[in-house]
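What follows is the content of structure-v2.cif, which has mmCIF, C-alpha atoms and all ligand atoms:
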data_entry
#
loop_
_atom_site.label_atom_id
_atom_site.label_comp_id
_atom_site.auth_asym_id
_atom_site.auth_seq_id
_atom_site.Cartn_x
_atom_site.Cartn_y
_atom_site.Cartn_z
CA MET A 1 0.00 0.00 0.00
CA LYS A 2 1.22 3.49 -0.83
CA SER A 3 2.27 5.60 2.15
CA LEU A 4 -0.02 8.44 3.19
CA LYS A 5 3.11 10.56 3.56
CA SER A 6 3.00 11.68 -0.07
CA LYS A 7 -0.44 13.22 0.52
CA ILE A 8 0.76 15.50 3.33
CA ASP A 9 1.11 19.17 2.41
CA PRO A 10 4.55 20.13 3.79
CA ALA A 11 3.54 23.81 3.85
CA HIS A 12 0.77 23.20 6.40
CA LEU A 13 2.29 20.95 8.98
CA PRO A 14 1.37 21.35 12.63
CA ASN A 15 4.43 22.84 14.31
CA HIS A 16 3.62 21.15 17.61
CA ILE A 17 1.99 17.73 17.99
CA ALA A 18 1.00 16.37 21.41
CA ILE A 19 0.15 12.71 21.98
CA ILE A 20 -1.59 10.87 24.82
CA MET A 21 -0.02 7.46 24.35
CA ASP A 22 -2.77 5.20 25.69
CA GLY A 23 -3.74 1.54 25.50
CA ASN A 24 -0.55 -0.35 26.45
CA GLY A 25 -2.32 -2.34 29.16
CA ARG A 26 -5.22 -3.39 26.94
CA TRP A 27 -2.80 -4.32 24.14
CA ALA A 28 -0.95 -6.64 26.51
CA LYS A 29 -4.18 -8.12 27.89
CA VAL A 30 -5.37 -9.12 24.42
CA LYS A 31 -2.10 -11.03 24.08
CA GLY A 32 -2.50 -12.67 27.50
CA GLN A 33 0.52 -10.79 28.86
CA ASP A 34 1.01 -8.46 31.81
CA ARG A 35 0.77 -4.69 31.51
CA LEU A 36 4.53 -4.11 31.46
CA PHE A 37 4.76 -6.16 28.27
CA GLY A 38 2.51 -3.52 26.69
CA HIS A 39 4.67 -0.68 27.99
CA TYR A 40 7.81 -2.32 26.58
CA HIS A 41 6.20 -2.58 23.16
CA GLY A 42 4.98 1.00 23.44
CA VAL A 43 8.62 2.09 23.24
CA GLU A 44 8.74 0.82 19.63
CA SER A 45 5.90 3.18 18.78
CA VAL A 46 7.68 6.08 20.48
CA ARG A 47 10.76 5.39 18.37
CA ASP A 48 8.79 5.22 15.13
CA VAL A 49 6.71 8.32 15.78
CA VAL A 50 9.70 10.40 16.92
CA GLU A 51 11.51 9.39 13.74
CA GLY A 52 8.41 10.20 11.67
CA CYS A 53 8.11 13.68 13.19
CA ALA A 54 11.82 14.38 12.73
CA GLU A 55 11.66 13.30 9.07
CA LEU A 56 8.68 15.58 8.42
CA GLY A 57 10.37 18.54 10.08
CA ILE A 58 7.85 18.93 12.91
CA GLY A 59 9.14 21.48 15.44
CA TYR A 60 7.80 20.05 18.71
CA LEU A 61 6.46 16.69 19.83
CA THR A 62 5.10 16.35 23.36
CA LEU A 63 4.50 12.81 24.59
CA TYR A 64 2.38 12.13 27.66
CA ALA A 65 4.36 9.28 29.18
CA PHE A 66 3.33 9.35 32.85
CA SER A 67 0.70 11.43 34.59
CA THR A 68 0.57 12.65 38.17
CA GLU A 69 -2.38 10.28 38.60
CA ASN A 70 -0.35 7.32 37.29
CA TRP A 71 1.60 7.32 40.60
CA ASP A 72 -1.51 5.64 42.03
CA ARG A 73 -1.03 2.53 39.86
CA PRO A 74 0.20 -0.73 41.46
CA PRO A 75 3.79 -0.23 42.75
CA GLY A 76 5.16 -2.97 40.46
CA GLU A 77 3.83 -1.22 37.37
CA VAL A 78 5.19 2.16 38.50
CA SER A 79 8.68 0.81 39.22
CA GLY A 80 8.62 -1.16 35.95
CA LEU A 81 7.76 2.02 34.05
CA MET A 82 10.56 3.95 35.76
CA GLU A 83 13.03 1.18 34.92
CA LEU A 84 11.83 1.17 31.31
CA LEU A 85 12.32 4.91 31.15
CA VAL A 86 15.90 4.66 32.38
CA GLN A 87 16.75 1.83 29.95
CA THR A 88 15.15 3.59 26.99
CA ILE A 89 16.80 6.94 27.59
CA ARG A 90 20.22 5.30 28.05
CA LYS A 91 19.75 3.40 24.80
CA GLU A 92 18.33 6.25 22.74
CA VAL A 93 20.62 9.21 23.53
CA LEU A 94 22.98 8.33 20.68
CA THR A 95 20.11 8.16 18.19
CA LEU A 96 18.68 11.43 19.50
CA ASN A 97 22.01 13.12 18.92
CA LYS A 98 22.43 11.53 15.50
CA ASN A 99 19.02 12.88 14.48
CA ASN A 100 19.59 16.33 16.01
CA ILE A 101 16.70 15.83 18.48
CA ARG A 102 16.61 17.78 21.72
CA LEU A 103 15.08 16.03 24.72
CA GLN A 104 13.16 18.08 27.26
CA VAL A 105 10.82 17.28 30.14
CA ILE A 106 7.75 18.86 31.67
CA GLY A 107 6.24 17.71 34.96
CA ASN A 108 6.88 17.33 38.63
CA ILE A 109 10.16 15.50 38.12
CA SER A 110 11.19 15.87 41.75
CA MET A 111 8.85 12.90 42.35
CA LEU A 112 10.93 10.62 40.10
CA PRO A 113 13.33 8.12 41.70
CA ASP A 114 16.89 9.50 42.00
CA ASN A 115 18.47 7.27 39.35
CA THR A 116 15.67 7.96 36.85
CA LEU A 117 16.09 11.69 37.40
CA ALA A 118 19.87 11.48 37.04
CA VAL A 119 19.72 9.59 33.73
CA LEU A 120 17.07 11.96 32.45
CA GLU A 121 19.00 15.09 33.37
CA GLU A 122 22.12 13.70 31.74
CA ALA A 123 20.24 13.04 28.49
CA ILE A 124 18.69 16.51 28.55
CA LEU A 125 22.16 18.01 28.93
CA GLU A 126 23.70 15.78 26.26
CA THR A 127 21.07 16.75 23.68
CA ALA A 128 20.79 20.42 24.69
CA GLY A 129 22.73 21.64 21.66
CA ASN A 130 20.50 19.91 19.10
CA THR A 131 18.46 22.16 16.86
CA GLY A 132 16.01 19.79 15.13
CA LEU A 133 12.89 18.26 16.67
CA ASN A 134 12.13 19.23 20.27
CA LEU A 135 11.01 16.04 22.00
CA ILE A 136 9.17 16.97 25.18
CA MET A 137 8.35 14.15 27.59
CA ALA A 138 5.49 14.86 29.98
CA LEU A 139 6.54 12.91 33.05
CA SER A 140 4.79 13.01 36.38
CA TYR A 141 2.84 15.74 34.64
CA SER A 142 -0.68 17.00 35.07
CA SER A 143 -2.17 20.26 34.01
CA ARG A 144 -3.74 21.03 37.37
CA TRP A 145 -0.40 20.48 39.10
CA GLU A 146 1.23 22.81 36.54
CA MET A 147 -1.40 25.50 37.04
CA GLY A 148 -1.13 25.23 40.82
CA GLU A 149 2.63 25.73 40.54
CA ALA A 150 2.14 28.68 38.22
CA ALA A 151 -0.35 30.29 40.61
CA ARG A 152 1.98 29.84 43.58
CA GLN A 153 4.97 31.37 41.75
CA LEU A 154 2.87 34.21 40.41
CA GLY A 155 1.64 34.91 43.94
CA ARG A 156 5.21 34.98 45.23
CA ASP A 157 6.24 37.45 42.51
CA VAL A 158 3.32 39.73 43.31
CA LYS A 159 4.17 39.57 47.01
CA ALA A 160 7.80 40.39 46.27
CA GLY A 161 6.71 43.43 44.29
CA LYS A 162 8.06 42.03 41.00
CA LEU A 163 4.65 41.88 39.38
CA ASP A 164 1.69 44.28 39.40
CA PRO A 165 -1.54 42.19 39.42
CA GLU A 166 -3.25 44.80 37.23
CA THR A 167 -0.78 44.13 34.40
CA ILE A 168 -1.31 40.36 34.30
CA LYS A 169 -2.31 39.24 30.81
CA GLU A 170 -2.53 35.82 29.16
CA GLU A 171 1.11 36.12 28.10
CA THR A 172 2.15 36.90 31.68
CA PHE A 173 0.44 33.76 32.99
CA GLU A 174 1.89 31.62 30.18
CA LYS A 175 5.41 32.54 31.33
CA TYR A 176 4.70 30.64 34.57
CA LEU A 177 3.72 27.37 32.85
CA CYS A 178 6.23 24.55 32.17
CA THR A 179 5.55 25.04 28.47
CA ARG A 180 6.72 28.68 28.48
CA ASN A 181 9.33 27.95 25.81
CA TYR A 182 7.03 26.07 23.44
CA PRO A 183 4.22 27.13 21.12
CA ASP A 184 0.77 25.63 21.83
CA PRO A 185 0.10 22.25 20.24
CA GLU A 186 -1.96 22.50 17.05
CA LEU A 187 -2.75 18.80 16.91
CA MET A 188 -3.45 16.49 19.83
CA ILE A 189 -3.68 12.75 19.22
CA ARG A 190 -5.01 10.20 21.70
CA THR A 191 -4.81 6.51 21.00
CA SER A 192 -6.88 3.59 22.34
CA GLY A 193 -10.35 5.00 21.69
CA GLU A 194 -10.62 7.02 24.91
CA CYS A 195 -12.05 10.46 24.16
CA ARG A 196 -10.80 12.49 27.10
CA ILE A 197 -7.90 14.78 27.98
CA SER A 198 -6.88 13.18 31.32
CA ASN A 199 -5.34 16.34 32.81
CA PHE A 200 -3.02 16.95 29.83
CA LEU A 201 -2.13 20.51 28.71
CA LEU A 202 -5.60 21.85 29.55
CA TYR A 203 -4.55 25.46 28.99
CA GLN A 204 -2.33 24.87 25.96
CA LEU A 205 -4.84 22.76 24.03
CA ALA A 206 -7.37 25.62 23.92
CA TYR A 207 -7.37 25.68 20.11
CA ALA A 208 -5.74 22.37 19.23
CA GLU A 209 -7.40 20.06 16.74
CA LEU A 210 -8.17 16.80 18.54
CA PHE A 211 -7.70 13.43 16.85
CA PHE A 212 -8.91 10.27 18.56
CA THR A 213 -8.04 6.89 17.14
CA PRO A 214 -9.02 3.39 18.33
CA VAL A 215 -5.48 2.14 17.58
CA LEU A 216 -3.76 1.00 20.78
CA TRP A 217 -0.43 2.76 21.41
CA PRO A 218 1.86 -0.27 20.82
CA ASP A 219 0.30 -0.62 17.33
CA PHE A 220 0.69 3.08 16.45
CA ARG A 221 3.21 3.73 13.68
CA LYS A 222 4.26 6.51 11.29
CA GLU A 223 1.35 5.71 8.95
CA ASN A 224 -1.08 6.40 11.82
CA LEU A 225 0.72 9.68 12.46
CA TYR A 226 0.36 10.62 8.78
CA GLU A 227 -3.35 9.81 8.97
CA ALA A 228 -3.74 12.20 11.91
CA ILE A 229 -1.78 14.95 10.13
CA LEU A 230 -3.89 14.55 6.98
CA ASP A 231 -7.03 14.80 9.07
CA PHE A 232 -5.60 17.97 10.68
CA GLN A 233 -4.92 19.41 7.22
CA SER A 234 -8.51 18.80 6.16
CA ARG A 235 -9.93 20.94 8.98
CA GLU A 236 -10.79 24.61 8.88
CA ARG A 237 -9.31 26.33 11.92
CA ARG A 238 -11.56 29.34 12.50
CA PHE A 239 -10.41 30.68 15.89
CA GLY A 240 -13.83 32.17 16.51
CA LYS A 241 -14.20 33.80 13.10
CA THR A 242 -16.58 32.76 10.33
CA SER A 243 -15.68 30.67 7.34
CA GLU A 244 -16.40 33.65 5.05
CA GLN A 245 -14.00 35.89 6.95
CA LEU A 246 -11.25 33.31 6.57
CA SER A 247 -11.87 33.06 2.81
CA SER A 248 -11.66 36.80 2.30
CA GLU A 249 -8.55 37.09 4.50
CA SER A 250 -6.91 34.42 2.40
CA LEU A 251 -7.89 36.29 -0.81
CA ASP A 252 -6.46 39.53 0.65
CA LYS A 253 -3.17 37.71 1.20
CA GLY A 254 -3.27 36.56 -2.41
CA GLY A 255 -3.86 32.93 -1.41
CA ASN A 256 -6.44 30.56 -2.77
CA ALA A 257 -9.77 30.75 -0.98
C1 LIG B 301 -0.66 4.21 28.54
O1 LIG B 301 -1.22 2.95 28.53
C2 LIG B 301 0.64 4.27 29.27
C3 LIG B 301 0.60 4.94 30.58
C4 LIG B 301 -0.42 5.56 31.07
C5 LIG B 301 1.82 4.92 31.36
P1 LIG B 301 -2.08 2.39 29.75
O2 LIG B 301 -1.16 1.76 30.71
O3 LIG B 301 -2.94 3.46 30.30
O4 LIG B 301 -2.96 1.28 29.02
P2 LIG B 301 -4.52 1.00 29.23
O5 LIG B 301 -5.23 2.30 29.07
O6 LIG B 301 -4.69 0.44 30.60
O7 LIG B 301 -4.85 0.02 28.15
C1 LIG B 302 -3.19 9.18 30.44
O1 LIG B 302 -3.49 7.82 30.31
C2 LIG B 302 -1.77 9.36 30.85
C3 LIG B 302 -0.78 8.87 29.90
C4 LIG B 302 -0.98 8.42 28.70
C5 LIG B 302 0.57 8.96 30.37
P1 LIG B 302 -4.30 7.05 31.44
O2 LIG B 302 -4.56 5.69 30.91
O3 LIG B 302 -3.61 7.14 32.73
O4 LIG B 302 -5.65 7.91 31.52
P2 LIG B 302 -7.06 7.60 32.17
O5 LIG B 302 -6.83 7.39 33.62
O6 LIG B 302 -7.60 6.38 31.50
O7 LIG B 302 -7.88 8.79 31.86
MG MG B 303 -4.81 4.12 29.87
#
Would you encode the structure as structure tokens?
Amino acid sequence: MKSLKSKIDPAHLPNHIAIIMDGNGRWAKVKGQDRLFGHYHGVESVRDVVEGCAELGIGYLTLYAFSTENWDRPPGEVSGLMELLVQTIRKEVLTLNKNNIRLQVIGNISMLPDNTLAVLEEAILETAGNTGLNLIMALSYSSRWEMGEAARQLGRDVKAGKLDPETIKEETFEKYLCTRNYPDPELMIRTSGECRISNFLLYQLAYAELFFTPVLWPDFRKENLYEAILDFQSRERRFGKTSEQLSSESLDKGGNA
């Protein structure tokens, strides 16, 4: 079968794609295996999708790998996931550097075990000079945690006289979020058929196009990514305006309506 890649318009790529990688446990269950087996296979999908985004020239890819709520899973699953994270990062740093990919993290990483944190920080440092795809791992992340942190820091700055509450605008608040250095995602993909956000980038997804697919994460490959991007390219992003306004703006710019 011909790849969907050739149908993608390279001039209208989303600059930032965010993915809720879901369905590892169910994938394993279908195969009569334990949940960790699903997580291990999920790494293959991460590899393929990261490569796919880098090849397309996507600027930012944020992967929801572990939520604040996931700490409440059975201890064996949590420690298995942390171990998998350490192994994967150790193994992939060379490839990240070879492909000019810069690894970054958002989340409450102080909750991570010491050795996980150490390996992660080393990889972040080792890839800091790369200028291609920004790969952002959301680890021990939740949006409500992030907003609570932002509110606390903002409060401290007001108290210290560094910030006048009357001058606070959207852009001021955004500077307090973990994502301050990244543009908002334009496309958010969730696998496994669940149609919810699960505390992921609630503020930043305000105008993202959402793509839900029944494919379980360990089965997700570049072709599935291309399908999501094509779907994104077929949508009209109106940002509150009317379709007619957008057509005339595009004519004014000399584009095709
Ligand atoms: C996503 O798969 C991975 C993590 C949340 C760490 P799940 O582990 O949530 O798999 P399901 O949803 O139970 O199938
Ligand atoms: C969301 O998946 C978090 C990650 C993919 C890391 P979950 O499987 O934890 O989400 P819920 O609990 O089903 O909403
Ligand atoms: Mg799940």
Within-8 Å residues of ligand LIG 301 (chain B), basis all atoms listed in the file, as number ranges by chain: A: 20-28, 35, 38-39, 42, 64-67, 70, 81, 192, 216-217
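Residues lying within 9 Å of Leu63 in chain A, counting only C-alpha atoms and ignoring same-chain neighbours fewer than 3 positions away, are Ile17, Ala18, Ile19, Ile20, Met21, Val46, Leu135, Ile136, Met137, Ala138 and Leu139 of chain A.
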Best match for closeness to Pro185 in chain A among A:Ile101, A:Asn115, A:Glu146, A:Ala208, counting all atoms listed in the file: A:Ala208
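With only C-alpha atoms and all ligand atoms as the atoms that count, the residue of A:Ile189, A:Leu4, A:Leu13, A:Leu120 with the shortest distance to ligand LIG 302 (chain B) is A:Ile189.
Residue nearest ligand MG 303 (chain B), chosen from A:Asn108, A:Thr242, A:Ser198, A:Ser248 and counting only C-alpha atoms and all ligand atoms: A:Ser198.
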Straight-line distance linking CA of Cys195 in chain A with CA of Lys241 in chain A, stated in Å to one decimal: 25.9 Å
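With distances restricted to only C-alpha atoms, A:Thr191 is the closest residue to Thr213 in chain A from A:Thr191, A:Glu122, A:Val86, A:Phe200.
The space between CA of Leu187 in chain A and CA of His16 in chain A spans 6.8 Å.
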